[in-house]
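Novice: target07.txt is reproduced below (compact mmCIF, C-alpha atoms and all ligand atoms).
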# COMPACT_ATOMS: atom_id res chain seq x y z
CA MET L 285 13.62 -11.42 122.69
CA ILE L 286 12.66 -10.35 119.18
CA ARG L 287 11.14 -13.18 117.22
CA LYS L 288 11.42 -13.08 113.44
CA THR L 289 8.72 -15.15 111.80
CA ARG L 290 10.33 -17.84 109.69
CA LEU L 291 8.69 -20.55 107.62
CA PHE L 292 10.14 -24.04 107.86
CA THR L 293 7.21 -25.49 105.94
CA PRO L 294 7.32 -27.55 102.72
CA GLY L 295 5.18 -24.99 100.91
CA PRO L 296 4.74 -22.14 101.14
CA THR L 297 8.48 -21.78 101.60
CA PRO L 298 10.52 -18.67 102.48
CA LEU L 299 10.46 -15.99 99.77
CA LEU L 300 13.49 -14.85 97.84
CA PRO L 301 13.80 -11.04 98.30
CA ALA L 302 14.82 -10.48 94.65
CA ALA L 303 11.65 -12.30 93.55
CA GLN L 304 9.51 -10.13 95.82
CA PHE L 305 10.99 -6.98 94.27
CA ALA L 306 10.36 -8.35 90.79
CA MET L 307 6.73 -8.99 91.72
CA ALA L 308 6.23 -5.50 93.04
CA ALA L 309 7.63 -4.03 89.83
CA ALA L 310 5.63 -6.22 87.44
CA ASP L 311 3.12 -3.62 86.35
CA ILE L 312 2.75 -4.83 82.78
CA HIS L 313 -0.10 -5.99 80.57
CA HIS L 314 -0.07 -9.59 79.40
CA ARG L 315 -0.74 -8.91 75.70
CA THR L 316 2.39 -6.82 75.14
CA PRO L 317 5.89 -7.46 73.80
CA GLU L 318 7.25 -6.85 77.33
CA PHE L 319 5.22 -9.70 78.76
CA ARG L 320 5.90 -12.00 75.80
CA ALA L 321 9.63 -11.50 76.30
CA LEU L 322 9.35 -12.23 80.02
CA PHE L 323 7.13 -15.30 79.61
CA THR L 324 9.26 -16.77 76.83
CA LYS L 325 12.36 -16.34 78.98
CA VAL L 326 10.71 -18.00 81.98
CA LEU L 327 9.45 -20.94 79.90
CA THR L 328 12.97 -21.51 78.57
CA GLN L 329 14.43 -21.25 82.07
CA LEU L 330 11.89 -23.73 83.41
CA LYS L 331 13.06 -26.32 80.88
CA ASP L 332 16.56 -26.02 82.31
CA PHE L 333 15.28 -26.01 85.86
CA ILE L 334 13.25 -29.18 85.28
CA GLY L 335 15.95 -30.66 83.07
CA THR L 336 13.92 -31.43 79.97
CA LYS L 337 13.54 -30.58 76.32
CA ASN L 338 9.78 -31.12 76.54
CA ASP L 339 7.41 -28.16 76.31
CA VAL L 340 6.64 -26.55 79.63
CA ILE L 341 3.23 -25.13 80.47
CA VAL L 342 2.57 -22.63 83.27
CA LEU L 343 -0.88 -22.48 84.83
CA SER L 344 -2.29 -19.85 87.17
CA SER L 345 -3.35 -22.19 89.95
CA SER L 346 -1.83 -23.98 92.88
CA GLY L 347 -0.03 -27.25 92.22
CA SER L 348 -3.19 -29.30 92.37
CA GLY L 349 -4.45 -27.50 89.25
CA ALA L 350 -1.67 -29.13 87.25
CA MET L 351 -2.49 -32.48 88.84
CA GLU L 352 -6.10 -32.11 87.73
CA ALA L 353 -4.99 -30.93 84.27
CA SER L 354 -2.86 -34.07 83.87
CA VAL L 355 -5.84 -36.23 84.65
CA SER L 356 -8.40 -34.36 82.56
CA ASN L 357 -6.17 -33.90 79.52
CA LEU L 358 -4.71 -37.40 79.33
CA THR L 359 -7.70 -39.61 80.06
CA SER L 360 -11.19 -40.55 78.95
CA PRO L 361 -13.97 -41.77 81.24
CA GLY L 362 -13.53 -45.44 82.05
CA ASP L 363 -9.78 -45.48 81.44
CA ARG L 364 -7.85 -47.70 83.83
CA VAL L 365 -5.09 -45.89 85.69
CA LEU L 366 -2.69 -46.80 88.46
CA VAL L 367 -2.03 -44.59 91.48
CA ILE L 368 1.03 -45.14 93.65
CA THR L 369 0.33 -43.72 97.07
CA ALA L 370 1.74 -43.60 100.58
CA GLY L 371 0.35 -40.35 101.91
CA LYS L 372 -2.01 -37.43 101.60
CA PHE L 373 -0.79 -36.26 98.19
CA GLY L 374 -0.97 -39.74 96.73
CA GLU L 375 -4.56 -39.90 97.92
CA ARG L 376 -5.20 -36.67 96.02
CA TRP L 377 -4.36 -38.50 92.76
CA THR L 378 -6.99 -41.10 93.58
CA GLY L 379 -9.55 -38.40 94.38
CA ILE L 380 -8.96 -36.54 91.13
CA ALA L 381 -8.96 -39.72 89.04
CA LYS L 382 -12.28 -40.79 90.54
CA ALA L 383 -13.75 -37.33 89.94
CA PHE L 384 -12.99 -37.87 86.23
CA ASN L 385 -14.63 -41.29 86.24
CA LEU L 386 -11.51 -43.38 85.82
CA GLU L 387 -11.11 -46.98 86.93
CA VAL L 388 -8.46 -46.57 89.59
CA ASP L 389 -6.04 -49.29 90.69
CA VAL L 390 -4.09 -48.31 93.76
CA VAL L 391 -0.73 -49.54 95.02
CA SER L 392 -0.42 -48.20 98.51
CA ALA L 393 2.07 -48.37 101.32
CA PRO L 394 1.52 -47.31 104.93
CA TYR L 395 2.29 -43.69 105.80
CA GLY L 396 6.01 -43.33 106.40
CA SER L 397 7.07 -45.94 103.85
CA THR L 398 7.25 -46.38 100.09
CA VAL L 399 5.98 -49.06 97.73
CA SER L 400 8.22 -51.73 96.23
CA LEU L 401 8.70 -52.03 92.49
CA ASP L 402 7.41 -55.61 92.68
CA GLU L 403 4.11 -54.31 94.03
CA VAL L 404 3.93 -51.78 91.21
CA LYS L 405 4.70 -54.50 88.68
CA ALA L 406 1.98 -56.73 90.09
CA ALA L 407 -0.59 -53.93 89.90
CA LEU L 408 0.30 -52.87 86.37
CA LYS L 409 -2.18 -54.13 83.78
CA LEU L 410 -2.11 -54.29 80.03
CA GLU L 411 -4.91 -51.71 80.01
CA THR L 412 -3.20 -49.29 82.41
CA ARG L 413 -3.26 -45.97 80.58
CA VAL L 414 -1.50 -43.73 83.08
CA VAL L 415 0.57 -44.22 86.23
CA PHE L 416 0.33 -41.36 88.74
CA MET L 417 2.81 -40.91 91.57
CA GLN L 418 4.64 -38.40 93.76
CA ALA L 419 8.38 -37.89 93.60
CA THR L 420 8.36 -36.98 97.25
CA GLU L 421 5.36 -37.41 99.51
CA SER L 422 5.44 -34.16 101.47
CA SER L 423 3.02 -35.42 104.12
CA THR L 424 5.43 -38.13 105.29
CA GLY L 425 8.86 -36.95 104.14
CA VAL L 426 9.32 -40.05 101.98
CA ARG L 427 10.93 -40.17 98.54
CA HIS L 428 9.49 -42.56 95.96
CA ASP L 429 11.58 -44.30 93.30
CA VAL L 430 10.56 -42.41 90.14
CA LYS L 431 13.49 -43.77 88.15
CA GLY L 432 12.63 -47.32 89.19
CA VAL L 433 9.00 -46.95 88.15
CA ALA L 434 10.01 -45.35 84.83
CA GLU L 435 12.41 -48.22 84.11
CA LEU L 436 9.77 -50.76 85.06
CA LEU L 437 7.27 -49.26 82.60
CA LYS L 438 9.87 -49.46 79.84
CA LYS L 439 10.86 -53.00 80.70
CA GLU L 440 7.23 -54.13 80.74
CA LYS L 441 6.69 -52.32 77.43
CA SER L 442 3.73 -50.63 79.08
CA GLU L 443 1.77 -48.06 77.12
CA ALA L 444 1.02 -46.25 80.35
CA LEU L 445 2.14 -42.65 80.59
CA LEU L 446 4.09 -41.76 83.72
CA VAL L 447 2.82 -38.63 85.47
CA VAL L 448 4.87 -37.42 88.42
CA ASP L 449 3.79 -34.89 91.01
CA ALA L 450 7.23 -33.45 91.70
CA ILE L 451 5.81 -30.41 93.42
CA THR L 452 8.27 -30.96 96.25
CA GLY L 453 10.50 -33.25 94.19
CA LEU L 454 11.81 -30.57 91.84
CA GLY L 455 14.68 -28.72 93.46
CA THR L 456 15.24 -31.55 95.95
CA THR L 457 15.79 -34.57 93.70
CA HIS L 458 18.15 -35.22 90.79
CA PHE L 459 15.89 -36.18 87.87
CA ASP L 460 16.73 -37.09 84.30
CA VAL L 461 13.22 -36.50 83.00
CA ASP L 462 13.76 -37.21 79.30
CA ALA L 463 16.17 -40.14 79.68
CA TRP L 464 13.94 -41.86 82.21
CA GLY L 465 10.84 -41.18 80.12
CA VAL L 466 8.74 -39.18 82.56
CA ASP L 467 5.77 -38.02 80.49
CA VAL L 468 4.49 -35.30 82.77
CA ILE L 469 6.38 -33.74 85.65
CA ILE L 470 4.67 -31.13 87.80
CA GLY L 471 6.01 -28.31 89.97
CA GLY L 472 4.48 -25.54 92.04
CA SER L 473 5.61 -21.97 92.67
CA GLN L 474 5.44 -22.03 96.48
CA LYS L 475 8.00 -24.81 96.77
CA ALA L 476 11.57 -24.91 95.39
CA VAL L 477 11.32 -21.73 93.32
CA MET L 478 11.00 -19.56 96.42
CA ILE L 479 7.97 -17.48 95.37
CA PRO L 480 4.38 -17.29 96.68
CA PRO L 481 1.67 -19.83 95.83
CA GLY L 482 -0.32 -19.35 92.64
CA LEU L 483 1.57 -20.93 89.74
CA ALA L 484 1.81 -24.55 88.69
CA TYR L 485 4.14 -25.69 85.93
CA LEU L 486 4.47 -28.94 84.08
CA ALA L 487 6.64 -30.44 81.35
CA VAL L 488 4.79 -32.66 78.87
CA SER L 489 6.33 -35.30 76.60
CA GLU L 490 5.47 -35.79 72.90
CA ARG L 491 3.83 -39.10 73.80
CA ALA L 492 1.56 -37.29 76.25
CA TRP L 493 0.70 -34.56 73.71
CA GLN L 494 -0.34 -37.31 71.31
CA ARG L 495 -2.47 -38.99 73.96
CA MET L 496 -4.35 -35.72 74.44
CA GLU L 497 -5.51 -35.78 70.82
CA GLY L 498 -7.65 -38.84 71.49
CA SER L 499 -8.72 -38.26 75.08
CA TYR L 500 -12.09 -36.76 75.83
CA ASN L 501 -12.52 -36.01 79.51
CA PRO L 502 -13.95 -32.51 79.93
CA ARG L 503 -11.53 -29.60 80.27
CA TYR L 504 -11.78 -25.91 79.63
CA TYR L 505 -9.61 -23.61 81.76
CA PHE L 506 -6.95 -26.33 82.08
CA ASP L 507 -6.79 -27.23 78.39
CA LEU L 508 -3.08 -27.93 77.95
CA ARG L 509 -3.21 -27.91 74.14
CA LYS L 510 -4.64 -24.41 74.17
CA GLU L 511 -1.91 -23.30 76.60
CA ARG L 512 0.78 -24.88 74.42
CA LYS L 513 -0.40 -22.96 71.37
CA ASN L 514 -0.40 -19.70 73.28
CA ALA L 515 2.93 -20.39 74.97
CA ALA L 516 4.56 -20.77 71.56
CA LYS L 517 3.63 -17.11 71.00
CA GLY L 518 4.84 -16.06 74.45
CA GLU L 519 1.34 -15.79 75.85
CA SER L 520 -1.09 -17.73 77.97
CA ALA L 521 -4.69 -18.49 77.08
CA TYR L 522 -6.16 -16.42 79.92
CA THR L 523 -4.85 -13.59 82.08
CA PRO L 524 -1.79 -15.09 83.74
CA SER L 525 -0.43 -14.24 87.15
CA VAL L 526 1.96 -11.68 85.67
CA ALA L 527 3.53 -10.75 88.99
CA LEU L 528 4.29 -14.36 89.88
CA ILE L 529 5.78 -14.99 86.46
CA ALA L 530 8.08 -12.01 86.98
CA ALA L 531 8.98 -13.38 90.40
CA MET L 532 9.68 -16.80 88.93
CA GLY L 533 12.04 -15.28 86.37
CA ALA L 534 13.96 -13.52 89.16
CA ALA L 535 14.12 -16.70 91.23
CA LEU L 536 15.40 -18.76 88.30
CA ASP L 537 18.01 -16.04 87.66
CA TYR L 538 19.05 -16.39 91.30
CA ILE L 539 19.33 -20.17 91.03
CA ALA L 540 21.43 -19.78 87.86
CA GLY L 541 23.53 -17.22 89.73
CA GLN L 542 24.55 -19.92 92.19
CA ALA L 543 26.56 -21.48 89.34
CA ASP L 544 27.86 -18.50 87.35
CA GLY L 545 24.68 -18.18 85.31
CA ASP L 546 24.35 -21.87 84.41
CA LEU L 547 20.80 -22.75 85.45
CA LYS L 548 21.25 -26.51 85.06
CA ALA L 549 24.29 -26.43 87.33
CA GLY L 550 22.42 -24.09 89.68
CA ARG L 551 19.58 -26.61 89.88
CA THR L 552 22.05 -29.33 90.85
CA LYS L 553 23.42 -27.06 93.57
CA LEU L 554 19.93 -26.32 94.86
CA VAL L 555 19.22 -30.05 95.15
CA ASP L 556 22.53 -30.60 96.94
CA ASN L 557 21.72 -27.69 99.25
CA ALA L 558 18.43 -29.31 100.26
CA GLU L 559 20.19 -32.67 100.69
CA THR L 560 22.75 -31.10 103.04
CA CYS L 561 20.11 -29.29 105.11
CA ALA L 562 18.13 -32.54 105.32
CA ALA L 563 21.16 -34.61 106.30
CA MET L 564 22.04 -32.09 109.03
CA THR L 565 18.48 -32.23 110.36
CA ARG L 566 18.32 -36.02 110.31
CA ALA L 567 21.63 -36.31 112.12
CA ALA L 568 20.51 -33.79 114.74
CA ALA L 569 17.16 -35.47 115.33
CA THR L 570 18.73 -38.91 115.64
CA ALA L 571 21.47 -37.66 117.98
CA MET L 572 18.80 -36.17 120.24
CA GLY L 573 17.05 -39.53 120.41
CA LEU L 574 14.19 -38.75 118.02
CA LYS L 575 13.11 -41.17 115.32
CA LEU L 576 12.61 -40.36 111.64
CA PHE L 577 9.38 -41.31 109.89
CA ALA L 578 10.95 -42.17 106.52
CA PRO L 579 12.87 -45.43 106.11
CA LYS L 580 16.62 -45.16 105.66
CA GLY L 581 17.48 -44.50 102.02
CA SER L 582 14.02 -43.16 101.17
CA GLU L 583 14.16 -39.87 103.06
CA ALA L 584 12.98 -36.88 101.05
CA ALA L 585 15.28 -33.87 100.99
CA ALA L 586 12.22 -31.63 100.69
CA ALA L 587 11.27 -32.05 104.34
CA THR L 588 12.23 -34.23 107.27
CA ALA L 589 9.38 -35.86 109.17
CA ILE L 590 10.33 -36.46 112.79
CA LEU L 591 8.44 -38.52 115.36
CA PRO L 592 8.09 -37.16 118.90
CA PRO L 593 8.94 -39.54 121.74
CA GLU L 594 6.17 -42.02 122.49
CA GLY L 595 3.27 -40.46 124.38
CA VAL L 596 4.19 -36.91 123.36
CA ASP L 597 1.90 -34.95 121.03
CA SER L 598 3.93 -33.40 118.19
CA GLY L 599 1.69 -30.35 118.57
CA LEU L 600 3.60 -29.50 121.75
CA ILE L 601 6.81 -29.16 119.72
CA VAL L 602 5.09 -27.32 116.85
CA LYS L 603 3.50 -24.86 119.31
CA GLY L 604 6.70 -24.46 121.31
CA LEU L 605 8.68 -23.51 118.22
CA LYS L 606 6.00 -21.06 117.17
CA GLN L 607 5.47 -19.41 120.56
CA LYS L 608 9.07 -19.09 121.59
CA PHE L 609 10.78 -18.54 118.25
CA ALA L 610 8.04 -17.73 115.68
CA ALA L 611 9.43 -20.67 113.72
CA ILE L 612 6.66 -22.31 111.70
CA VAL L 613 7.02 -26.06 111.28
CA THR L 614 4.17 -28.31 110.22
CA ASP L 615 2.41 -30.94 112.25
CA GLY L 616 1.26 -34.17 110.60
CA GLN L 617 -1.50 -33.85 107.98
CA GLY L 618 -4.91 -35.42 108.55
CA GLU L 619 -4.77 -38.51 110.78
CA MET L 620 -1.03 -37.94 111.22
CA LYS L 621 -1.70 -34.76 113.23
CA GLY L 622 -0.11 -35.06 116.66
CA SER L 623 2.17 -37.92 115.67
CA LEU L 624 4.94 -36.18 113.70
CA PHE L 625 6.34 -32.78 112.78
CA ARG L 626 8.05 -31.70 109.58
CA ILE L 627 10.98 -29.36 109.00
CA ALA L 628 11.42 -28.24 105.39
CA HIS L 629 14.61 -27.83 103.36
CA ILE L 630 13.10 -27.15 99.94
CA GLY L 631 14.00 -23.84 98.31
CA PHE L 632 15.53 -20.87 100.09
CA PHE L 633 17.03 -22.52 103.18
CA ASP L 634 20.69 -22.37 104.07
CA TYR L 635 23.17 -23.48 106.71
CA LEU L 636 22.21 -20.75 109.16
CA ASP L 637 18.48 -21.50 108.87
CA THR L 638 19.14 -25.15 109.50
CA ILE L 639 21.39 -24.57 112.49
CA ALA L 640 18.83 -22.11 113.88
CA ILE L 641 15.89 -24.49 113.73
CA ILE L 642 17.94 -27.28 115.30
CA GLY L 643 19.02 -24.94 118.10
CA ALA L 644 15.43 -23.83 118.63
CA LEU L 645 14.28 -27.45 118.67
CA GLU L 646 16.82 -28.23 121.40
CA GLN L 647 15.43 -25.31 123.45
CA VAL L 648 11.85 -26.57 123.11
CA LEU L 649 12.72 -30.20 123.84
CA ILE L 650 14.71 -29.27 126.96
CA ALA L 651 12.37 -26.54 128.28
CA ASN L 652 9.41 -28.92 128.08
CA ASN L 653 11.42 -31.88 129.33
CA ILE L 654 10.33 -33.83 126.27
CA ILE L 655 13.54 -35.88 126.25
CA SER L 656 14.86 -36.34 129.73
CA GLY L 657 18.57 -35.75 130.17
CA LEU L 658 18.98 -34.09 126.77
CA GLN L 659 21.96 -31.73 126.79
CA PHE L 660 22.21 -28.48 124.84
CA GLY L 661 24.36 -28.94 121.77
CA THR L 662 23.60 -32.62 121.16
CA GLY L 663 21.72 -31.99 117.93
CA LEU L 664 23.88 -29.06 116.91
CA ILE L 665 27.13 -31.01 117.18
CA ALA L 666 25.75 -33.77 114.97
CA ALA L 667 24.55 -31.23 112.40
CA GLN L 668 27.85 -29.34 112.45
CA LYS L 669 29.75 -32.53 111.69
CA VAL L 670 27.48 -33.40 108.76
CA PHE L 671 27.89 -29.90 107.35
CA ALA L 672 31.67 -29.98 107.69
CA GLU L 673 31.92 -33.39 106.07
CA THR L 674 29.55 -32.73 103.17
CA THR L 675 30.91 -29.34 102.22
CA LYS L 676 34.66 -29.79 102.65
C1 LIG L 701 2.24 -28.80 97.96
C2 LIG L 701 2.02 -30.08 97.25
C3 LIG L 701 1.02 -30.23 96.29
C4 LIG L 701 0.13 -29.14 95.80
O1 LIG L 701 -0.63 -28.56 96.69
P1 LIG L 701 -1.33 -27.18 96.32
O2 LIG L 701 -1.84 -26.77 97.66
O3 LIG L 701 -2.38 -27.43 95.34
O4 LIG L 701 -0.25 -26.28 95.78
C5 LIG L 701 0.90 -31.45 95.65
N1 LIG L 701 1.73 -32.44 95.91
C6 LIG L 701 2.73 -32.34 96.80
C7 LIG L 701 3.63 -33.51 97.00
C8 LIG L 701 2.90 -31.16 97.51
O5 LIG L 701 3.88 -31.05 98.40
How would this structure read if it were set down as structure tokens?
Ligand SMILES: *Cc1c(COP(=O)(O)O)cnc(C)c1O
Specialist:
Amino acid sequence: MIRKTRLFTPGPTPLLPAAQFAMAAADIHHRTPEFRALFTKVLTQLKDFIGTKNDVIVLSSSGSGAMEASVSNLTSPGDRVLVITAGKFGERWTGIAKAFNLEVDVVSAPYGSTVSLDEVKAALKLETRVVFMQATESSTGVRHDVKGVAELLKKEKSEALLVVDAITGLGTTHFDVDAWGVDVIIGGSQKAVMIPPGLAYLAVSERAWQRMEGSYNPRYYFDLRKERKNAAKGESAYTPSVALIAAMGAALDYIAGQADGDLKAGRTKLVDNAETCAAMTRAAATAMGLKLFAPKGSEAAAATAILPPEGVDSGLIVKGLKQKFAAIVTDGQGEMKGSLFRIAHIGFFDYLDTIAIIGALEQVLIANNIISGLQFGTGLIAAQKVFAETTK
């Protein structure tokens, strides 16, 4: 049979056709009124997409560039910071913080779980200058409690800024950035906004802008103050990824179009869409006798991490889906390779995509006798019921 290649990965995610057309047509110079109009529009849209009144900065880099920029712009060597981690992306915070000579306290939880607020409270010090965390840990499919951490910092009257890598959290999680007091929230283009890798974006609070005035870690390309000044004029400090910015504008138009042009309402719908795809996938996996990696109540809607039956290498399932159906799902990252596989729901996934991957998964599980006695339709029936119930 024909096999259409389809990504079911939590970044890069499937591309929105309208955004691809916008990219192809973006033959404009970045110091022109045309570009300034486009960039200003996209920056305004991003505020609505993130759900903040704070200034938004767009960087030409992958998501990690904005993570590094948050560290370099907000800290000075020797500052004490706290990293909340339970996976590969949490570990990235620690790596960046150490590279900038910070004193790093770490609250960690085993892969596949999340930390408790009591543990965070115990690790928080008077001198803690910044708390770094993920909204969703894409390597394990676990959602962290951003709201809980934000409330804790307020309650403890901590001076620490809260910096959230929401690279797979945006578009899959309902945030109230300003009310909670999230100082920096970071997104990436290859995730919920349905366009290729290459842009990072972040919203920065007034408190964080003030912190930058007194911080002196080195920064040059990722100098957020310089970008803010330029953004106010509709420009970026250096040559931006013009094509990706055009694509982002088209994607945000599409998301707004899901709710009659209201981008904030469209964002809510996009989050609910991911939640429904995730709930269908969880129900299907469980019905087929597979276990989920994330604890109940802390499952990320960005991606579902599923454990193969004991003794089975998850690579067999990943390869089976690829060979037979050209469906790309991700294996575990790093030491988790072989022990789980991840199906994404972030961005441009719909009911049909979700049903298709569940059907394909049934084929692979049965053809390879991975779950003995498994009947066709077991996962699909469970997913169908979830869909019918959630969308009625
Ligand atoms: C994808 C991702 C990143 C960024 O990775 P890049 O490869 O630099 O874009 C960071 N954090 C999380 C949670 C992610 O999913």
Novice: Taking only C-alpha atoms and all ligand atoms into account, list the residues no farther than 6 Å from ligand LIG 701 (chain L), as a PDB file with C-alpha atoms, keeping the file's coordinate frame.
Specialist:
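File written: result-v7.pdb
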ATOM      1  CA  GLY L 295       5.180 -24.990 100.910  1.00  0.00           C
ATOM      2  CA  SER L 346      -1.830 -23.980  92.880  1.00  0.00           C
ATOM      3  CA  GLY L 347      -0.030 -27.250  92.220  1.00  0.00           C
ATOM      4  CA  SER L 348      -3.190 -29.300  92.370  1.00  0.00           C
ATOM      5  CA  PHE L 373      -0.790 -36.260  98.190  1.00  0.00           C
ATOM      6  CA  GLN L 418       4.640 -38.400  93.760  1.00  0.00           C
ATOM      7  CA  THR L 420       8.360 -36.980  97.250  1.00  0.00           C
ATOM      8  CA  GLU L 421       5.360 -37.410  99.510  1.00  0.00           C
ATOM      9  CA  SER L 422       5.440 -34.160 101.470  1.00  0.00           C
ATOM     10  CA  ASP L 449       3.790 -34.890  91.010  1.00  0.00           C
ATOM     11  CA  ILE L 451       5.810 -30.410  93.420  1.00  0.00           C
ATOM     12  CA  THR L 452       8.270 -30.960  96.250  1.00  0.00           C
TER      13      THR L 452
END
Novice: Could you jot down the atom CA of Arg364 of chain L to atom CA of Glu387 of chain L separation for me, Å, one decimal place?
Specialist: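 Answer for the atom CA of Arg364 of chain L to atom CA of Glu387 of chain L separation: 4.6 Å.
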Novice: Might you pull out every residue within 8 Å of segment 472-477 of chain L, with all atoms listed in the file counted and same-chain residues fewer than 4 positions away left off, and present them as a list in words?
Specialist: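 The residues that qualify are Pro294, Gly295, Pro296, Thr297, Ser346, Gly347, Ile451, Thr452, Leu454, Gly455, Thr456, Pro481, Gly482, Leu483, Ala484, Tyr485, Met532, Ala535, Leu536, Ile630, Gly631 and Phe632 of chain L.
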Novice: Show me, as a Markdown table, the residues of segment 490-536 of chain L having an atom within 10 Å of segment 298-321 of chain L, each with the closest atom pair and its distance in Å, using all atoms listed in the file.
Specialist:
| residue | atom | partner | partner_atom | distance |
| --- | --- | --- | --- | --- |
| L:Ala515 | CA | L:Arg320 | CA | 8.9 |
| L:Ala516 | CA | L:Arg320 | CA | 9.8 |
| L:Lys517 | CA | L:Arg320 | CA | 7.4 |
| L:Gly518 | CA | L:Arg320 | CA | 4.4 |
| L:Glu519 | CA | L:Arg320 | CA | 5.9 |
| L:Ser520 | CA | L:His314 | CA | 8.3 |
| L:Tyr522 | CA | L:His314 | CA | 9.2 |
| L:Thr523 | CA | L:His314 | CA | 6.8 |
| L:Pro524 | CA | L:His314 | CA | 7.2 |
| L:Ser525 | CA | L:His314 | CA | 9.0 |
| L:Val526 | CA | L:Ala310 | CA | 6.8 |
| L:Ala527 | CA | L:Met307 | CA | 4.6 |
| L:Leu528 | CA | L:Met307 | CA | 6.2 |
| L:Ile529 | CA | L:Met307 | CA | 8.0 |
| L:Ala530 | CA | L:Ala306 | CA | 5.8 |
| L:Ala531 | CA | L:Ala303 | CA | 4.3 |
| L:Met532 | CA | L:Ala303 | CA | 6.7 |
| L:Gly533 | CA | L:Ala303 | CA | 7.8 |
| L:Ala534 | CA | L:Ala303 | CA | 5.1 |
| L:Ala535 | CA | L:Ala303 | CA | 5.6 |
| L:Leu536 | CA | L:Ala303 | CA | 9.1 |
Novice: Which of these, L:Phe660, L:Ser345, L:Phe384, L:Glu403, has the shortest distance to Thr369 of chain L once you count all atoms listed in the file?
Specialist: L:Glu403
Novice: Using all atoms listed in the file, which protein or nucleic acid residues come within 12 Å of Ala381 of chain L? Drop anything in the same chain fewer than 5 positions from it, and give the result as a ChimeraX atom specification.
Specialist: /L:351-367,374-376,386-390,413-416,501
Novice: Could you pull the residues within 8 Å of segment 647-658 of chain L, counting all atoms listed in the file, minus those fewer than 3 positions along the same chain, as JSON, numbers by chain?
Specialist: {"L": [572, 573, 593, 596, 601, 604, 605, 643, 644, 662]}
